[in-house]
Amino acid sequence: MLTPRFEITQTDAEVTIIIHAPYANVKDTEVYVDGSDFRFYSTPYYLRLKLPGEIEENDMSFGSYDWEKGDFSLRFTKVTKGEYFENLDMITTLLAPPKKKNTIVPNIEVIGNPSANSEDINDSSNEHDSTVDNENTNGDEWYIDQNNPTEIIPLLTGSPKYGFANKVSEALVAFEVAWIQEIIDLPMPDTTPQAKRRNLREKRELSDFNEEHYLADLMQPEYIKPYISFTAEWDTLEKESISLNDSEVDLLKELPNKEYLLSNKETHKLLLSLVDILFGSCYNHRTTLGESTVESSWTIAKLSSTLSWFEDFTDPKEVVIACFRRSLCYPLYRNWNLSIKVFEDVKKVIKLGKKYIIKRFCEIHSLFNNSCEPRYILNQLYIKDYLVWLQQIQESLIESLDLLITDIQPTKEEMGFDLVELEQAAYSVTEDLIIENFVHEMMDQLDELTINNNDKDKLKTIYYIHDKHSLKYVLSSSSSSSDSSDTDSESDSETSSDSSDTDSESDTKRSTSSTSTTSNSSHLDSDDASEPE
């Protein structure tokens, strides 16, 4: 926890405490007042004060937060009107925890008595430790160690910059590394030079790319199809009909009216980072079918190199490639066609103009503020300033951004993941499996055919011809099959000639001939049925 800077002023009736907490999670702020005991908590800040007099929280109490300065202003009423609180500028005294009247157990060291009963000493020591533990257990959980906020952290020479337009440095130097890693991928943001961020990011993406996950989504397009075919909000909107809702208006009212003095180069970088952040927002909207989830804030921040690596871009193609690479490495659905669709979404959002972009950023701000992880810090570093800046710029600037990315068509070869080779190998293996399964299926069908004993030797071999687009199979018959057919034909002729001798014999032989002919015809039909067209 960080102990924030604070200042205390007083009048005859009131005490005002101003707490500087620029990266606080405002929605989770807690304030506790009990007599001379004042406590403040707002992640990652914690403050506990022991005031020289008593205050109370009542209907006259007031609290506010200045977004521009990052200050909480808390006003309370004095219990005793007209009482003067001394030493309000004595920071160390105010931060000291209240003294408790506890029985002091003296530490006794026995010297020169090696025969002393060690068990008695251990029992006495354990009893003392138990007393201390009970006191800590029964104490107030709010009482944790505080650092003196007047201590100055030494500044780093040439500290790397980040945040909106790279105007911030050393904002995270006092935070714990584990806390920082919950929201960004960039290690040591206050010591890692900006020139190294891209190289580090690309190396991490290369190691994080999962070939099996990518191929699974490639070979099972039925799972991706609902998201690609989803009709997003911007697909049906008209630019003239866009308006802000009440929650968006309330958010914008709370933002400070700041003026940004930016060079053309800085403005260009901001526009490209705008594309980067919008890509994460559009991906989330499409893959949740317009209904954000608890993972939405993670998705948006993770897909954006600006938010997760504090990177800025100078070339439009670079930012698009970065977006595609991250969309193929980290989210649940990693599909090339889906990434193409999301990029088309980004183009549509930008065409709708700055008002609709502001609406998208309002949603991002809300998701980050309500995230389980401390992603509200990204609002302080980027999103809040984007919302202020977007209201000030001309619509023509957004139109120029539209022209920058309209003709960009990323390719799989540019991703650096060997996507083309992976897909070719996957399709080749799949094709071989299809052939193998087809042959097994044909063999199973042949085993099920009913063939007369005399004709089983007709079916000798199966030949299959395979090319890129088809598979054919041919059944080959032996020469004995044709001989057998010839014999059957001669038998039929003899039966027919003998049938002219007598009328009574003719009837009998015609009957026999008919039966024989029918039997032979049946054999021929069976042979024909065994040969596919």
# chains A, B, ... in the order shown; residues from 1 in each chain; ligands from 1
>>> residues_around(residues="Ser305 of chain A", least_positions_apart="3", cutoff="12 Å", atoms="only C-alpha atoms", output="MDAnalysis selection string")
chainID A and resid 184:186 197:198 200:202 204:205 272:280 299:302 308:313 318:327
>>> atom_distance(atom1="atom CA of Glu395 of chain A", atom2="atom CA of Lys354 of chain A")
6.5 Å
>>> residues_around(residues="segment 170-176 of chain A", least_positions_apart="3", cutoff="8 Å", atoms="only C-alpha atoms", output="count of residues only")
10
